[in-house]
$ cat query.tsv   # TSV, C-alpha atoms (C1' of nucleotides)
chain	number	residue	atom	x	y	z
X	7	MET	CA	11.79	-2.91	9.46
X	8	LYS	CA	11.02	0.41	7.90
X	9	TRP	CA	9.14	0.84	4.69
X	10	ASP	CA	12.15	2.35	2.94
X	11	GLU	CA	14.19	-0.78	3.50
X	12	LEU	CA	11.75	-2.83	1.46
X	13	LYS	CA	13.53	-2.12	-1.79
X	14	HIS	CA	16.57	-4.04	-0.59
X	15	GLU	CA	14.62	-7.24	0.04
X	16	ASP	CA	15.07	-10.30	-2.12
X	17	CYS	CA	11.36	-10.97	-2.44
X	18	PRO	CA	9.82	-9.58	-5.63
X	19	VAL	CA	6.62	-8.77	-3.79
X	20	ALA	CA	8.56	-6.55	-1.41
X	21	ARG	CA	10.53	-4.93	-4.21
X	22	GLY	CA	7.40	-4.24	-6.21
X	23	LEU	CA	5.61	-2.74	-3.26
X	24	SER	CA	8.57	-0.50	-2.53
X	25	VAL	CA	7.74	1.17	-5.85
X	26	ILE	CA	3.95	1.06	-6.07
X	27	GLY	CA	2.86	0.11	-2.55
X	28	ASP	CA	2.76	3.62	-1.18
X	29	ARG	CA	-0.51	5.18	-0.28
X	30	TRP	CA	-2.14	6.84	-3.30
X	31	THR	CA	0.46	5.62	-5.79
X	32	MET	CA	-1.76	3.10	-7.59
X	33	LEU	CA	-4.53	5.68	-7.77
X	34	VAL	CA	-2.18	8.15	-9.39
X	35	LEU	CA	-1.28	5.45	-11.91
X	36	ARG	CA	-4.93	4.65	-12.48
X	37	ASP	CA	-5.43	8.25	-13.54
X	38	CYS	CA	-2.42	8.09	-15.83
X	39	PHE	CA	-3.89	5.00	-17.51
X	40	LEU	CA	-7.12	6.95	-17.95
X	41	GLY	CA	-5.17	9.68	-19.75
X	42	ILE	CA	-5.14	12.16	-16.90
X	43	ARG	CA	-1.61	13.48	-16.78
X	44	ARG	CA	-1.56	16.90	-15.17
X	45	PHE	CA	-0.90	17.81	-11.60
X	46	ASP	CA	-4.02	19.83	-10.91
X	47	GLN	CA	-6.31	17.36	-12.61
X	48	ILE	CA	-4.95	14.41	-10.68
X	49	GLN	CA	-5.05	16.36	-7.48
X	50	ALA	CA	-8.66	17.42	-7.99
X	51	ARG	CA	-9.84	13.92	-8.95
X	52	LEU	CA	-8.09	12.15	-6.10
X	53	GLY	CA	-8.62	14.73	-3.39
X	54	ILE	CA	-5.08	13.94	-2.31
X	55	THR	CA	-3.04	16.79	-0.84
X	56	ARG	CA	-0.76	18.60	-3.29
X	57	HIS	CA	2.12	17.92	-0.98
X	58	VAL	CA	1.71	14.16	-1.14
X	59	LEU	CA	0.97	14.16	-4.86
X	60	ALA	CA	4.18	16.07	-5.58
X	61	ASP	CA	6.09	13.53	-3.51
X	62	ARG	CA	4.53	10.53	-5.28
X	63	LEU	CA	5.14	11.96	-8.74
X	64	ARG	CA	8.74	12.66	-7.85
X	65	LYS	CA	9.23	9.11	-6.64
X	66	LEU	CA	7.50	7.56	-9.63
X	67	GLU	CA	9.65	9.63	-11.93
X	68	ALA	CA	12.78	8.60	-10.04
X	69	GLU	CA	11.71	4.95	-10.42
X	70	ASN	CA	11.12	5.47	-14.13
X	71	VAL	CA	7.45	4.54	-13.88
X	72	LEU	CA	6.38	8.00	-15.05
X	73	ARG	CA	8.17	10.46	-17.28
X	74	ARG	CA	7.83	14.20	-16.65
X	75	GLU	CA	7.37	15.97	-19.94
X	76	GLN	CA	7.11	19.65	-20.72
X	77	TYR	CA	4.08	20.35	-22.89
X	78	GLN	CA	4.51	24.13	-23.07
X	79	ASP	CA	7.00	26.78	-22.11
X	80	ARG	CA	6.30	30.30	-20.96
X	81	PRO	CA	5.22	29.45	-18.45
X	82	ALA	CA	6.79	26.02	-18.29
X	83	ARG	CA	4.15	23.36	-17.77
X	84	PHE	CA	4.60	19.64	-17.32
X	85	GLU	CA	2.65	16.45	-17.58
X	86	TYR	CA	3.32	12.95	-16.41
X	87	ARG	CA	3.22	10.03	-18.81
X	88	LEU	CA	3.57	6.34	-18.23
X	89	THR	CA	6.86	4.83	-19.33
X	90	ASP	CA	7.05	1.27	-20.61
X	91	LYS	CA	7.79	0.20	-17.07
X	92	GLY	CA	4.65	2.01	-15.96
X	93	LYS	CA	2.54	0.54	-18.74
X	94	ALA	CA	3.73	-2.91	-17.71
X	95	LEU	CA	1.72	-2.44	-14.53
X	96	TYR	CA	-1.50	-2.78	-16.49
X	97	PRO	CA	-2.08	-6.43	-15.54
X	98	VAL	CA	-1.69	-5.57	-11.86
X	99	LEU	CA	-4.26	-2.81	-12.17
X	100	VAL	CA	-6.69	-4.93	-14.16
X	101	SER	CA	-6.35	-7.86	-11.74
X	102	LEU	CA	-7.10	-5.52	-8.88
X	103	ILE	CA	-10.17	-4.15	-10.64
X	104	ALA	CA	-11.41	-7.66	-11.36
X	105	TRP	CA	-10.93	-8.67	-7.74
X	106	SER	CA	-12.72	-5.59	-6.45
X	107	GLU	CA	-15.68	-6.01	-8.74
X	108	GLN	CA	-16.14	-9.57	-7.60
X	109	ASN	CA	-15.29	-9.14	-3.95
X	110	VAL	CA	-15.70	-5.56	-2.79
X	111	PRO	CA	-19.23	-4.42	-3.60
X	112	ALA	CA	-19.76	-0.78	-4.49
X	113	GLU	CA	-22.23	1.24	-2.52
X	114	GLY	CA	-23.71	2.73	-5.65
X	115	GLU	CA	-22.66	2.03	-9.18
X	116	SER	CA	-19.15	0.77	-9.81
X	117	GLY	CA	-17.24	3.72	-11.25
X	118	ILE	CA	-15.63	2.28	-14.32
X	119	SER	CA	-15.83	-0.89	-16.32
X	120	LEU	CA	-13.47	-2.38	-18.80
X	121	LEU	CA	-14.72	-3.57	-22.17
X	122	SER	CA	-12.94	-5.68	-24.73
X	123	ARG	CA	-12.26	-3.59	-27.80
X	124	GLU	CA	-12.73	-6.73	-29.87
X	125	THR	CA	-16.03	-8.02	-28.51
X	126	GLY	CA	-17.47	-4.93	-26.83
X	127	GLU	CA	-18.33	-7.18	-23.91
X	128	LYS	CA	-17.25	-6.68	-20.35
X	129	LEU	CA	-13.71	-7.89	-19.86
X	130	ARG	CA	-13.25	-11.15	-17.96
X	131	PRO	CA	-9.57	-11.22	-17.04
X	132	VAL	CA	-7.94	-14.59	-16.42
X	133	LEU	CA	-4.30	-14.97	-15.54
X	134	THR	CA	-2.84	-17.78	-17.62
X	135	ASP	CA	0.57	-19.35	-18.06
X	136	ALA	CA	2.06	-18.50	-21.45
X	137	ALA	CA	3.54	-21.99	-21.73
X	138	THR	CA	0.29	-23.94	-21.38
X	139	GLY	CA	-2.42	-21.31	-21.85
X	140	LYS	CA	-4.11	-22.63	-18.73
X	141	PRO	CA	-5.35	-20.48	-15.84
X	142	ILE	CA	-2.94	-19.89	-12.99
X	143	THR	CA	-4.29	-20.79	-9.59
X	144	HIS	CA	-2.84	-21.22	-6.16
X	145	ARG	CA	-2.94	-24.97	-6.84
X	146	SER	CA	-1.23	-24.98	-10.23
X	147	VAL	CA	1.91	-23.30	-8.95
X	148	THR	CA	4.86	-24.43	-6.87
X	149	VAL	CA	6.96	-21.87	-5.11
X	150	ARG	CA	10.71	-22.19	-4.95
X	151	VAL	CA	12.18	-20.23	-2.08
X	152	LYS	CA	15.83	-19.48	-2.66
X	153	GLY	CA	18.56	-19.41	-0.11
X	154	GLY	CA	16.25	-20.47	2.61
L	14	MET	CA	-9.53	13.09	1.09
L	15	LYS	CA	-8.45	10.70	3.80
L	16	TRP	CA	-7.40	7.15	3.20
L	17	ASP	CA	-10.35	5.79	5.20
L	18	GLU	CA	-12.82	7.40	2.84
L	19	LEU	CA	-11.54	5.37	-0.10
L	20	LYS	CA	-13.90	2.52	0.58
L	21	HIS	CA	-16.87	4.71	-0.26
L	22	GLU	CA	-15.58	5.57	-3.72
L	23	ASP	CA	-17.24	4.25	-6.84
L	24	CYS	CA	-13.97	3.29	-8.50
L	25	PRO	CA	-13.06	-0.39	-8.06
L	26	VAL	CA	-9.37	0.52	-7.84
L	27	ALA	CA	-10.10	2.74	-4.88
L	28	ARG	CA	-12.33	0.16	-3.23
L	29	GLY	CA	-9.78	-2.57	-3.70
L	30	LEU	CA	-6.98	-0.47	-2.30
L	31	SER	CA	-9.09	0.40	0.72
L	32	VAL	CA	-8.81	-3.31	1.60
L	33	ILE	CA	-5.32	-4.29	0.47
L	34	GLY	CA	-3.60	-0.96	-0.19
L	35	ASP	CA	-2.35	-0.42	3.33
L	36	ARG	CA	1.31	-0.61	4.07
L	37	TRP	CA	2.36	-4.20	4.79
L	38	THR	CA	-0.99	-5.75	3.94
L	39	MET	CA	0.09	-7.41	0.70
L	40	LEU	CA	3.20	-8.72	2.40
L	41	VAL	CA	1.10	-10.29	5.12
L	42	LEU	CA	-1.00	-11.93	2.41
L	43	ARG	CA	2.12	-13.10	0.60
L	44	ASP	CA	3.10	-14.97	3.73
L	45	CYS	CA	-0.36	-16.47	4.02
L	46	PHE	CA	-0.10	-17.74	0.45
L	47	LEU	CA	3.25	-19.28	1.39
L	48	GLY	CA	1.54	-21.13	4.23
L	49	ILE	CA	2.80	-18.93	7.02
L	50	ARG	CA	-0.17	-18.35	9.22
L	51	ARG	CA	0.94	-17.53	12.74
L	52	PHE	CA	1.42	-14.17	14.34
L	53	ASP	CA	4.99	-14.60	15.53
L	54	GLN	CA	6.16	-16.22	12.30
L	55	ILE	CA	4.73	-13.45	10.15
L	56	GLN	CA	6.11	-10.82	12.46
L	57	ALA	CA	9.59	-12.32	12.46
L	58	ARG	CA	9.69	-12.76	8.68
L	59	LEU	CA	8.40	-9.29	7.87
L	60	GLY	CA	10.15	-7.37	10.62
L	61	ILE	CA	6.92	-5.42	10.94
L	62	THR	CA	6.03	-4.17	14.41
L	63	ARG	CA	3.65	-6.37	16.38
L	64	HIS	CA	1.38	-3.41	16.83
L	65	VAL	CA	0.90	-2.87	13.11
L	66	LEU	CA	0.63	-6.58	12.37
L	67	ALA	CA	-2.16	-6.99	14.92
L	68	ASP	CA	-3.95	-4.07	13.32
L	69	ARG	CA	-3.61	-5.46	9.79
L	70	LEU	CA	-4.77	-8.92	10.78
L	71	ARG	CA	-7.79	-7.43	12.53
L	72	LYS	CA	-8.72	-5.42	9.46
L	73	LEU	CA	-8.19	-8.32	7.07
L	74	GLU	CA	-10.36	-10.51	9.25
L	75	ALA	CA	-13.03	-7.80	9.38
L	76	GLU	CA	-12.93	-7.61	5.57
L	77	ASN	CA	-13.22	-11.38	5.33
L	78	VAL	CA	-9.90	-11.74	3.52
L	79	LEU	CA	-8.46	-13.82	6.36
L	80	ARG	CA	-10.19	-16.09	8.85
L	81	ARG	CA	-8.89	-16.36	12.41
L	82	GLU	CA	-8.92	-19.95	13.48
L	83	GLN	CA	-8.07	-21.56	16.78
L	84	TYR	CA	-5.60	-24.38	16.32
L	85	GLN	CA	-5.22	-25.31	19.98
L	86	ASP	CA	-6.74	-24.43	23.31
L	87	ARG	CA	-5.00	-24.26	26.65
L	88	PRO	CA	-3.52	-21.91	25.93
L	89	ALA	CA	-5.74	-20.68	23.13
L	90	ARG	CA	-3.70	-20.15	19.98
L	91	PHE	CA	-4.85	-18.84	16.64
L	92	GLU	CA	-3.76	-18.84	13.06
L	93	TYR	CA	-4.85	-16.84	10.06
L	94	ARG	CA	-6.02	-18.51	6.91
L	95	LEU	CA	-7.01	-17.10	3.56
L	96	THR	CA	-10.72	-17.13	2.83
L	97	ASP	CA	-12.00	-17.56	-0.72
L	98	LYS	CA	-12.01	-13.79	-1.00
L	99	GLY	CA	-8.39	-13.79	0.07
L	100	LYS	CA	-7.43	-16.59	-2.31
L	101	ALA	CA	-9.03	-14.61	-5.13
L	102	LEU	CA	-6.20	-12.12	-4.73
L	103	TYR	CA	-3.75	-14.61	-6.18
L	104	PRO	CA	-3.75	-13.07	-9.67
L	105	VAL	CA	-2.98	-9.64	-8.20
L	106	LEU	CA	-0.05	-11.07	-6.29
L	107	VAL	CA	1.28	-13.05	-9.24
L	108	SER	CA	0.95	-10.06	-11.57
L	109	LEU	CA	2.89	-7.98	-9.11
L	110	ILE	CA	5.62	-10.61	-8.86
L	111	ALA	CA	5.85	-10.84	-12.65
L	112	TRP	CA	6.13	-7.07	-12.94
L	113	SER	CA	8.81	-6.88	-10.28
L	114	GLU	CA	10.90	-9.61	-11.80
L	115	GLN	CA	10.88	-7.86	-15.13
L	116	ASN	CA	11.12	-4.29	-13.94
L	117	VAL	CA	12.58	-4.05	-10.46
L	118	PRO	CA	15.92	-5.84	-10.42
L	119	ALA	CA	16.96	-7.55	-7.22
L	120	GLU	CA	20.25	-6.62	-5.63
L	121	GLY	CA	21.16	-10.22	-5.04
L	122	GLU	CA	19.11	-13.23	-5.95
L	123	SER	CA	15.38	-12.82	-6.36
L	124	GLY	CA	13.80	-14.38	-3.27
L	125	ILE	CA	11.18	-16.68	-4.69
L	126	SER	CA	10.19	-17.95	-8.06
L	127	LEU	CA	6.99	-19.49	-9.25
L	128	LEU	CA	7.03	-22.72	-11.20
L	129	SER	CA	4.23	-24.34	-13.14
L	130	ARG	CA	3.24	-27.56	-11.43
L	131	GLU	CA	2.47	-28.97	-14.84
L	132	THR	CA	5.66	-28.15	-16.73
L	133	GLY	CA	8.11	-27.47	-13.92
L	134	GLU	CA	9.20	-24.40	-15.85
L	135	LYS	CA	9.21	-20.89	-14.56
L	136	LEU	CA	5.75	-19.41	-14.73
L	137	ARG	CA	5.10	-16.82	-17.43
L	138	PRO	CA	1.87	-15.13	-16.40
L	139	VAL	CA	-0.23	-13.47	-19.09
L	140	LEU	CA	-3.51	-11.76	-18.39
L	141	THR	CA	-6.04	-12.84	-20.98
L	142	ASP	CA	-9.70	-12.21	-21.66
L	143	ALA	CA	-11.79	-15.29	-20.97
L	144	ALA	CA	-14.02	-14.52	-23.94
L	145	THR	CA	-11.29	-14.48	-26.58
L	146	GLY	CA	-8.31	-16.06	-24.88
L	147	LYS	CA	-6.19	-13.18	-26.09
L	148	PRO	CA	-3.80	-11.13	-23.95
L	149	ILE	CA	-5.21	-8.01	-22.33
L	150	THR	CA	-3.23	-4.87	-23.02
L	151	HIS	CA	-3.78	-1.20	-22.55
L	152	ARG	CA	-4.69	-1.07	-26.25
L	153	SER	CA	-7.15	-3.93	-26.34
L	154	VAL	CA	-9.44	-2.40	-23.73
L	155	THR	CA	-11.90	0.46	-23.72
L	156	VAL	CA	-12.87	2.05	-20.45
L	157	ARG	CA	-16.43	3.06	-19.77
L	158	VAL	CA	-16.67	5.71	-17.07
L	159	LYS	CA	-20.09	5.76	-15.49
L	160	GLY	CA	-21.95	8.81	-14.34
L	161	GLY	CA	-19.19	10.99	-15.62
D	29	DT	C1'	-3.09	46.21	-11.78
D	30	DT	C1'	-5.97	42.66	-11.00
D	31	DG	C1'	-7.36	38.09	-11.71
D	32	DA	C1'	-6.84	33.48	-13.47
D	33	DC	C1'	-4.14	29.29	-14.51
D	34	DA	C1'	-0.76	25.64	-13.56
D	35	DG	C1'	2.53	23.47	-10.85
D	36	DG	C1'	4.42	23.45	-7.30
D	37	DT	C1'	6.38	24.67	-1.91
D	38	DT	C1'	5.79	25.79	3.00
D	39	DC	C1'	3.72	25.47	7.41
D	40	DC	C1'	1.31	23.26	11.28
D	41	DA	C1'	-1.76	19.74	13.23
D	42	DA	C1'	-3.30	15.06	13.14
D	43	DA	C1'	-2.61	10.27	12.21
D	44	DA	C1'	0.21	6.21	11.38
D	45	DT	C1'	4.44	3.60	12.14
D	46	DA	C1'	8.91	1.91	14.64
D	47	DG	C1'	10.83	-0.02	18.51
D	48	DA	C1'	10.86	-1.81	22.82
D	49	DA	C1'	8.76	-3.46	27.01
D	50	DC	C1'	4.96	-5.60	29.21
D	51	DT	C1'	0.81	-8.98	29.76
D	52	DT	C1'	-1.62	-13.35	29.81
D	53	DA	C1'	-2.16	-18.26	29.85
D	54	DG	C1'	-0.21	-22.23	29.74
D	55	DT	C1'	3.97	-26.15	29.46
D	56	DG	C1'	7.97	-28.46	30.96
D	57	DA	C1'	12.27	-28.80	33.64
D	58	DT	C1'	14.84	-28.04	38.19
A	4	DA	C1'	7.12	-23.71	43.76
A	5	DT	C1'	10.19	-21.34	40.78
A	6	DC	C1'	12.22	-20.47	36.50
A	7	DA	C1'	12.52	-20.37	31.60
A	8	DC	C1'	9.99	-20.65	27.37
A	9	DT	C1'	6.12	-20.23	23.88
A	10	DA	C1'	2.45	-17.65	21.39
A	11	DA	C1'	-0.46	-13.88	20.72
A	12	DG	C1'	-1.25	-9.89	21.72
A	13	DT	C1'	-1.29	-4.83	24.21
A	14	DT	C1'	0.83	-0.55	25.83
A	15	DC	C1'	4.07	3.13	25.74
A	16	DT	C1'	6.95	6.89	23.67
A	17	DA	C1'	9.43	8.84	19.68
A	18	DT	C1'	9.67	9.45	14.83
A	19	DT	C1'	7.52	9.71	10.12
A	20	DT	C1'	3.84	10.43	7.12
A	21	DT	C1'	-0.45	12.62	5.93
A	22	DG	C1'	-4.12	16.18	5.78
A	23	DG	C1'	-5.40	20.85	5.08
A	24	DA	C1'	-4.71	25.31	4.04
A	25	DA	C1'	-2.05	29.16	2.48
A	26	DC	C1'	1.60	30.92	-0.19
A	27	DC	C1'	4.95	31.48	-4.37
A	28	DT	C1'	6.25	31.89	-9.39
A	29	DG	C1'	5.70	32.93	-14.32
A	30	DT	C1'	2.63	34.25	-17.89
A	31	DC	C1'	-1.42	35.90	-20.24
A	32	DA	C1'	-5.70	38.62	-20.77
A	33	DA	C1'	-8.93	42.20	-19.29
$ encode --input "query.tsv" --output "structure tokens"
Amino acid sequence: MKWDELKHEDCPVARGLSVIGDRWTMLVLRDCFLGIRRFDQIQARLGITRHVLADRLRKLEAENVLRREQYQDRPARFEYRLTDKGKALYPVLVSLIAWSEQNVPAEGESGISLLSRETGEKLRPVLTDAATGKPITHRSVTVRVKGG
Amino acid sequence: MKWDELKHEDCPVARGLSVIGDRWTMLVLRDCFLGIRRFDQIQARLGITRHVLADRLRKLEAENVLRREQYQDRPARFEYRLTDKGKALYPVLVSLIAWSEQNVPAEGESGISLLSRETGEKLRPVLTDAATGKPITHRSVTVRVKGG
DNA sequence: TTGACAGGTTCCAAAATAGAACTTAGTGAT
DNA sequence: ATCACTAAGTTCTATTTTGGAACCTGTCAA
């Protein structure tokens, strides 16, 4: 199978990755969540080639994860903002950060940390089920595989 | 920057992606969470080339996300099992599934669904802060960027 | 008229992936 | 003993994707 065919799969993991599973894509979105929205800024921070960045932004716009917005004319200049669909990726990003901080040690200092606006303390993300309020673990879930 | 250099970054997003951000890697892990542990089974389900699968499994073992375990000798046969570090990725996977189901419509039926073992209902994952029990959103979090 | 800024595009070389065939070590049937 | 089959890889070539650098366009300011 080719990567492009992923979007036609039934599995939600495959479909999700067809949108955000490309190299660099989640790092572009990280920058958008940090408020960095302009081509040159993202490119400089990531050290990604302009070529690839242009491609990723185009795809994310086509998928309605980012919205390309003109912030000045003459000359026309654009920035990229998260749509609601893009903002909905926040739990994925935060879960990834939490996993990394616990399981992938930094060589120096870890670059960013997330603080609760309410308590000022370091965030301790736990994925819970809305119905019960209890943490979701591998054990607390059954998987129903459809059509197979 | 090259993809391989990501692991030396300070940012936890970058470090995490250096482990699981490769093409196909999360799909391999999805299969492991579903209990599919053997080379040929994973390869057949994913339609990934054997070459790439062997490479991914090697890297995941090197990163201690999977453990290669012999399940018979004569001839020697191996399977791949999630380590604790691998199991800790469950919230990332579930968040991704939840995002996909809400934001990336399937063409036919969505392949799998997750049910609460306790209620039997469809899982509704919410990322909460352990300290307050409240949902984590873009708005409820402040980001501290270190050394910058 | 020269330089800077911003957001790209174009080109070529290097690296990764797709697809298929081949290898190795056994098992069981003919 | 020969053949077919299983499982877990490896090897090969062709195609795609990235990496890196240079170039293009429109506008302003010196």
$ interface_residues --input "query.tsv" --of "chain A" --to "chain L" --cutoff "12 Å" --atoms "all atoms listed in the file" --output "JSON list (two decimals) with C-alpha atoms (C1' of nucleotides), in the frame of the given file"
[["chain", "number", "residue", "atom", "x", "y", "z"],
["A", 9, "DT", "C1'", 6.12, -20.23, 23.88],
["A", 10, "DA", "C1'", 2.45, -17.65, 21.39],
["A", 11, "DA", "C1'", -0.46, -13.88, 20.72],
["A", 12, "DG", "C1'", -1.25, -9.89, 21.72],
["A", 13, "DT", "C1'", -1.29, -4.83, 24.21],
["A", 14, "DT", "C1'", 0.83, -0.55, 25.83],
["A", 15, "DC", "C1'", 4.07, 3.13, 25.74],
["A", 20, "DT", "C1'", 3.84, 10.43, 7.12],
["A", 21, "DT", "C1'", -0.45, 12.62, 5.93],
["A", 22, "DG", "C1'", -4.12, 16.18, 5.78],
["A", 23, "DG", "C1'", -5.40, 20.85, 5.08]]
$ residues_around --input "query.tsv" --residues "Cys17 (chain X)" --least-positions-apart "3" --cutoff "10 Å" --atoms "only C-alpha atoms (C1' of nucleotides)" --output "ChimeraX atom specification"
/X:12-14,20-22,151-152 /L:40,43,110,113-114,119,122-126
$ closest_residue --input "query.tsv" --among "D:DG56, D:DT51, D:DA46, D:DA32" --to "chain L" --atoms "all atoms listed in the file"
D:DA46
$ atom_distance --input "query.tsv" --atom1 "CA of Lys135 (chain L)" --atom2 "CA of Ala101 (chain L)"
21.5 Å
$ interface_residues --input "query.tsv" --of "chain D" --to "chain L" --cutoff "12 Å" --atoms "all atoms listed in the file" --output "list in words"
DA42, DA43, DA44, DT45, DA46, DG47, DA48, DT52, DA53, DG54 and DT55 of chain D
$ residues_around --input "query.tsv" --residues "Tyr86 (chain X)" --least-positions-apart "3" --cutoff "8 Å" --atoms "all atoms listed in the file" --output "mmCIF file with C-alpha atoms, in the coordinates of the input"
data_model
loop_
_atom_site.group_PDB
_atom_site.id
_atom_site.type_symbol
_atom_site.label_atom_id
_atom_site.label_comp_id
_atom_site.auth_asym_id
_atom_site.auth_seq_id
_atom_site.Cartn_x
_atom_site.Cartn_y
_atom_site.Cartn_z
ATOM 1 C CA CYS X 38 -2.420 8.090 -15.830
ATOM 2 C CA ARG X 43 -1.610 13.480 -16.780
ATOM 3 C CA ARG X 44 -1.560 16.900 -15.170
ATOM 4 C CA LEU X 63 5.140 11.960 -8.740
ATOM 5 C CA LEU X 72 6.380 8.000 -15.050
ATOM 6 C CA ARG X 73 8.170 10.460 -17.280
ATOM 7 C CA ARG X 74 7.830 14.200 -16.650
ATOM 8 C CA GLU X 75 7.370 15.970 -19.940
#
$ residues_around --input "query.tsv" --residues "Phe39 (chain X)" --least-positions-apart "4" --cutoff "10 Å" --atoms "all atoms listed in the file" --output "ChimeraX atom specification"
/X:33-35,43,87-88,92-93,95-96,99 /L:151,156
$ closest_residue --input "query.tsv" --among "X:Gln49, X:Ser146, X:Gln108, X:Asn70" --to "DG35 (chain D)" --atoms "all atoms listed in the file"
X:Gln49
$ atom_distance --input "query.tsv" --atom1 "CA of Arg130 (chain L)" --atom2 "CA of Val147 (chain X)"
5.1 Å
